[in-house]
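Pasting my_file.cif here (mmCIF, C-alpha atoms):
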data_entry
loop_
_atom_site.group_PDB
_atom_site.id
_atom_site.type_symbol
_atom_site.label_atom_id
_atom_site.label_comp_id
_atom_site.auth_asym_id
_atom_site.auth_seq_id
_atom_site.Cartn_x
_atom_site.Cartn_y
_atom_site.Cartn_z
ATOM 1 C CA MET A 1 -37.670 -133.427 -42.267
ATOM 2 C CA LYS A 2 -39.677 -136.037 -44.090
ATOM 3 C CA ASN A 3 -40.748 -137.592 -40.772
ATOM 4 C CA ASN A 4 -42.200 -134.282 -39.541
ATOM 5 C CA SER A 5 -44.185 -133.685 -42.732
ATOM 6 C CA SER A 6 -45.690 -137.181 -42.695
ATOM 7 C CA SER A 7 -46.750 -136.869 -39.039
ATOM 8 C CA LEU A 8 -48.232 -133.419 -39.781
ATOM 9 C CA ALA A 9 -50.230 -134.860 -42.690
ATOM 10 C CA LEU A 10 -51.491 -137.675 -40.468
ATOM 11 C CA LEU A 11 -52.500 -135.141 -37.792
ATOM 12 C CA ARG A 12 -54.433 -133.130 -40.396
ATOM 13 C CA GLN A 13 -56.385 -136.256 -41.333
ATOM 14 C CA VAL A 14 -57.039 -137.482 -37.793
ATOM 15 C CA PHE A 15 -57.751 -134.122 -36.088
ATOM 16 C CA PRO A 16 -61.246 -133.541 -37.602
ATOM 17 C CA VAL A 17 -62.268 -137.076 -36.646
ATOM 18 C CA LEU A 18 -61.063 -136.545 -33.058
ATOM 19 C CA VAL A 19 -62.912 -133.226 -32.801
ATOM 20 C CA LEU A 20 -66.109 -134.834 -34.102
ATOM 21 C CA ALA A 21 -65.796 -137.772 -31.682
ATOM 22 C CA ALA A 22 -65.179 -135.438 -28.724
ATOM 23 C CA GLY A 23 -68.135 -133.252 -29.730
ATOM 24 C CA LEU A 24 -70.461 -136.240 -29.917
ATOM 25 C CA ALA A 25 -69.219 -137.608 -26.596
ATOM 26 C CA PHE A 26 -69.900 -134.378 -24.729
ATOM 27 C CA ALA A 27 -73.069 -133.267 -26.517
ATOM 28 C CA GLN A 28 -76.022 -133.017 -24.174
ATOM 29 C CA GLY A 29 -79.115 -134.503 -25.670
ATOM 30 C CA CYS A 30 -82.384 -135.004 -23.878
ATOM 31 C CA ALA A 31 -85.976 -135.869 -24.619
ATOM 32 C CA ASP A 32 -88.844 -134.094 -22.875
ATOM 33 C CA TYR A 33 -92.377 -135.417 -23.153
ATOM 34 C CA GLN A 34 -95.151 -133.252 -21.715
ATOM 35 C CA LEU A 35 -98.783 -134.109 -21.130
ATOM 36 C CA ARG A 36 -101.126 -131.269 -20.225
ATOM 37 C CA MET A 37 -104.823 -130.534 -20.081
ATOM 38 C CA PRO A 38 -106.363 -128.211 -22.701
ATOM 39 C CA ASN A 39 -107.542 -125.712 -20.065
ATOM 40 C CA ASP A 40 -104.416 -125.756 -17.930
ATOM 41 C CA ASP A 41 -104.299 -123.599 -14.808
ATOM 42 C CA PRO A 42 -101.442 -124.659 -12.510
ATOM 43 C CA VAL A 43 -101.587 -123.739 -8.842
ATOM 44 C CA ASN A 44 -97.871 -122.820 -8.941
ATOM 45 C CA LYS A 45 -95.244 -122.465 -11.646
ATOM 46 C CA LEU A 46 -92.671 -124.821 -10.077
ATOM 47 C CA TYR A 47 -92.636 -128.504 -10.906
ATOM 48 C CA GLU A 48 -92.527 -131.215 -8.245
ATOM 49 C CA GLY A 49 -91.514 -134.832 -8.645
ATOM 50 C CA GLY A 50 -88.305 -136.768 -8.857
ATOM 51 C CA THR A 51 -86.348 -139.487 -10.565
ATOM 52 C CA MET A 52 -87.785 -142.974 -10.984
ATOM 53 C CA HIS A 53 -85.502 -145.935 -11.565
ATOM 54 C CA ALA A 54 -86.363 -149.085 -13.506
ATOM 55 C CA TYR A 55 -84.236 -152.136 -12.793
ATOM 56 C CA PHE A 56 -83.815 -155.384 -14.709
ATOM 57 C CA TRP A 57 -85.597 -154.274 -17.885
ATOM 58 C CA GLY A 58 -88.667 -152.952 -16.057
ATOM 59 C CA ALA A 59 -89.200 -155.891 -13.695
ATOM 60 C CA TRP A 60 -88.713 -153.663 -10.608
ATOM 61 C CA TYR A 61 -89.212 -149.928 -10.123
ATOM 62 C CA ALA A 62 -88.011 -147.575 -7.382
ATOM 63 C CA PRO A 63 -90.268 -145.974 -6.340
ATOM 64 C CA GLN A 64 -92.927 -148.397 -7.511
ATOM 65 C CA VAL A 65 -95.518 -145.599 -7.734
ATOM 66 C CA MET A 66 -94.866 -141.868 -7.491
ATOM 67 C CA THR A 67 -97.765 -140.095 -5.799
ATOM 68 C CA ALA A 68 -98.707 -136.490 -6.461
ATOM 69 C CA ASN A 69 -99.533 -134.439 -3.377
ATOM 70 C CA CYS A 70 -102.194 -132.163 -4.860
ATOM 71 C CA ALA A 71 -104.743 -130.448 -2.624
ATOM 72 C CA SER A 72 -107.079 -130.045 -5.607
ATOM 73 C CA GLN A 73 -106.871 -133.800 -6.355
ATOM 74 C CA ALA A 74 -106.043 -132.922 -9.977
ATOM 75 C CA ILE A 75 -102.815 -132.824 -11.993
ATOM 76 C CA ASN A 76 -102.263 -129.960 -14.421
ATOM 77 C CA ASP A 77 -99.380 -131.396 -16.456
ATOM 78 C CA VAL A 78 -96.720 -134.100 -16.351
ATOM 79 C CA VAL A 79 -93.207 -133.943 -17.863
ATOM 80 C CA VAL A 80 -91.163 -137.096 -18.532
ATOM 81 C CA LYS A 81 -87.496 -136.285 -19.185
ATOM 82 C CA ARG A 82 -84.569 -138.456 -20.249
ATOM 83 C CA THR A 83 -81.151 -136.851 -20.443
ATOM 84 C CA TYR A 84 -77.992 -137.949 -22.209
ATOM 85 C CA LEU A 85 -76.622 -139.308 -18.924
ATOM 86 C CA HIS A 86 -79.820 -141.302 -18.310
ATOM 87 C CA ASP A 87 -79.420 -142.878 -21.734
ATOM 88 C CA LEU A 88 -75.717 -143.594 -21.143
ATOM 89 C CA ALA A 89 -76.548 -145.342 -17.867
ATOM 90 C CA SER A 90 -79.145 -147.459 -19.666
ATOM 91 C CA VAL A 91 -76.723 -148.389 -22.455
ATOM 92 C CA PHE A 92 -73.706 -149.155 -20.251
ATOM 93 C CA THR A 93 -75.774 -151.355 -17.909
ATOM 94 C CA PHE A 94 -77.525 -153.078 -20.852
ATOM 95 C CA GLY A 95 -80.919 -151.941 -19.541
ATOM 96 C CA ILE A 96 -80.416 -153.234 -16.006
ATOM 97 C CA TRP A 97 -80.735 -149.653 -14.651
ATOM 98 C CA MET A 98 -82.846 -147.061 -16.474
ATOM 99 C CA PRO A 99 -83.401 -143.728 -14.671
ATOM 100 C CA THR A 100 -86.101 -141.289 -15.817
ATOM 101 C CA GLU A 101 -87.048 -137.909 -14.346
ATOM 102 C CA ILE A 102 -90.789 -137.322 -13.901
ATOM 103 C CA THR A 103 -92.173 -133.967 -12.743
ATOM 104 C CA TYR A 104 -95.704 -132.585 -12.440
ATOM 105 C CA ARG A 105 -97.697 -129.508 -11.485
ATOM 106 C CA CYS A 106 -100.986 -129.545 -9.603
ATOM 107 C CA LYS A 107 -104.099 -127.948 -11.039
ATOM 108 C CA ALA A 108 -105.502 -124.908 -9.273
ATOM 109 C CA PRO A 109 -108.702 -125.647 -7.353
ATOM 110 C CA GLN A 110 -111.886 -124.562 -9.085
ATOM 111 C CA GLY A 111 -113.789 -121.638 -7.682
ATOM 112 C CA ASP A 112 -117.019 -121.986 -5.691
ATOM 113 C CA VAL A 113 -119.647 -123.163 -8.150
ATOM 114 C CA GLY A 114 -122.802 -122.588 -6.150
ATOM 115 C CA THR A 115 -125.934 -120.632 -6.839
ATOM 116 C CA PHE A 116 -125.814 -116.891 -6.452
ATOM 117 C CA PRO A 117 -127.532 -115.926 -3.165
ATOM 118 C CA GLU A 118 -130.699 -113.876 -3.445
ATOM 119 C CA ALA A 119 -131.110 -110.608 -1.598
ATOM 120 C CA PRO A 120 -133.343 -110.847 1.457
ATOM 121 C CA ARG A 121 -136.880 -109.622 0.906
ATOM 122 C CA GLY A 122 -138.382 -107.026 3.145
ATOM 123 C CA ARG A 123 -141.696 -107.438 5.028
ATOM 124 C CA PRO A 124 -144.729 -107.085 2.936
ATOM 125 C CA ARG A 125 -146.896 -104.096 4.065
#
Target format structure tokens, applied to this file:
Amino acid sequence: MKNNSSSLALLRQVFPVLVLAAGLAFAQGCADYQLRMPNDDPVNKLYEGGTMHAYFWGAWYAPQVMTANCASQAINDVVVKRTYLHDLASVFTFGIWMPTEITYRCKAPQGDVGTFPEAPRGRPR
């Protein structure tokens, strides 16, 4: 009987620590950084982009440059996101592989900014 009570007391001491460790291991943390223009007007609500990978502590990137395919030739906003799994990959590989998700939205094209056409004049009589 004494053996059961001592193991139960040990379980009561260890159980909160195990629950805390499991909660920290499976907690999803992420960091989102967003850069946007003061007068933002996106052409669509969906973000485009992808994941960029840095290798060997930033000596090599894949893709080297991510290009934005915007018809207006302007970017509305950019979001740089690192998730818990991205950070785990960076830690477990000692910085040899560091993935980061980068997305963007294109700015809507500006309207026609010309002069207002004048009404045609009739013939003078």
* Name the residues in contact with Gly58 of chain A at a cut-off of 9 Å, using only C-alpha atoms, excluding same-chain residues fewer than 3 positions from it; report them as an MDAnalysis selection string. => chainID A and resid 53:55 61 95:98
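When only C-alpha atoms are used to measure the gap to Pro109 of chain A, the shortest distance among A:Met66, A:Ala59, A:Met52, A:Val43 belongs to A:Val43.
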* Asked: With distances taken over only C-alpha atoms, which of A:Thr100, A:Gly23, A:Pro42, A:Gly50 is nearest to Asp87 of chain A?
  ->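 When distances to Asp87 of chain A are compared using only C-alpha atoms, the smallest one comes from A:Thr100.
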* Which value, in Å to one decimal, gives the distance between atom CA of Thr103 of chain A and atom CA of Glu48 of chain A? -> 5.3 Å
* To do: Please provide the set of residues having any atom within 8 Å of Asn76 of chain A, restricted to only C-alpha atoms, with same-chain residues fewer than 2 positions apart removed, written as a PyMOL selection string.
  => chain A and resi 36-37+40-42+74+78+104-108
* **Coordinates-based distance that separates atom CA of Val79 of chain A from atom CA of Gly49 of chain A (Å, one decimal)** => 9.4 Å
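Ranking A:Leu35, A:Ser6, A:Leu11, A:Leu18 by their shortest atom-to-atom distance to Ile75 of chain A, with only C-alpha atoms included, puts A:Leu35 first.
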Give, as lines of an AutoDock Vina configuration file, the centre coordinates and the x, y and z edge lengths in Å to one decimal for an axis-aligned box around all listed atoms of segment 31-48 of chain A, padded by 6 Å on each side.
center_x = -96.8
center_y = -129.2
center_z = -16.4
size_x = 33.6
size_y = 25.4
size_z = 28.4
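When atom CA of Glu118 of chain A is paired with atom CA of Ser72 of chain A, their separation reads 28.7 Å.
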* Can you list, as a VMD selection string, the residues that the PyMOL selection byres ((chain A and resi 81) around 9) selects here? -> chain A and resid 30 to 34 79 to 80 82 to 83 100 to 103
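Taking only C-alpha atoms into account, Pro99 of chain A lies nearest to A:Pro63 out of the set A:Pro38, A:Pro16, A:Pro120, A:Pro63.
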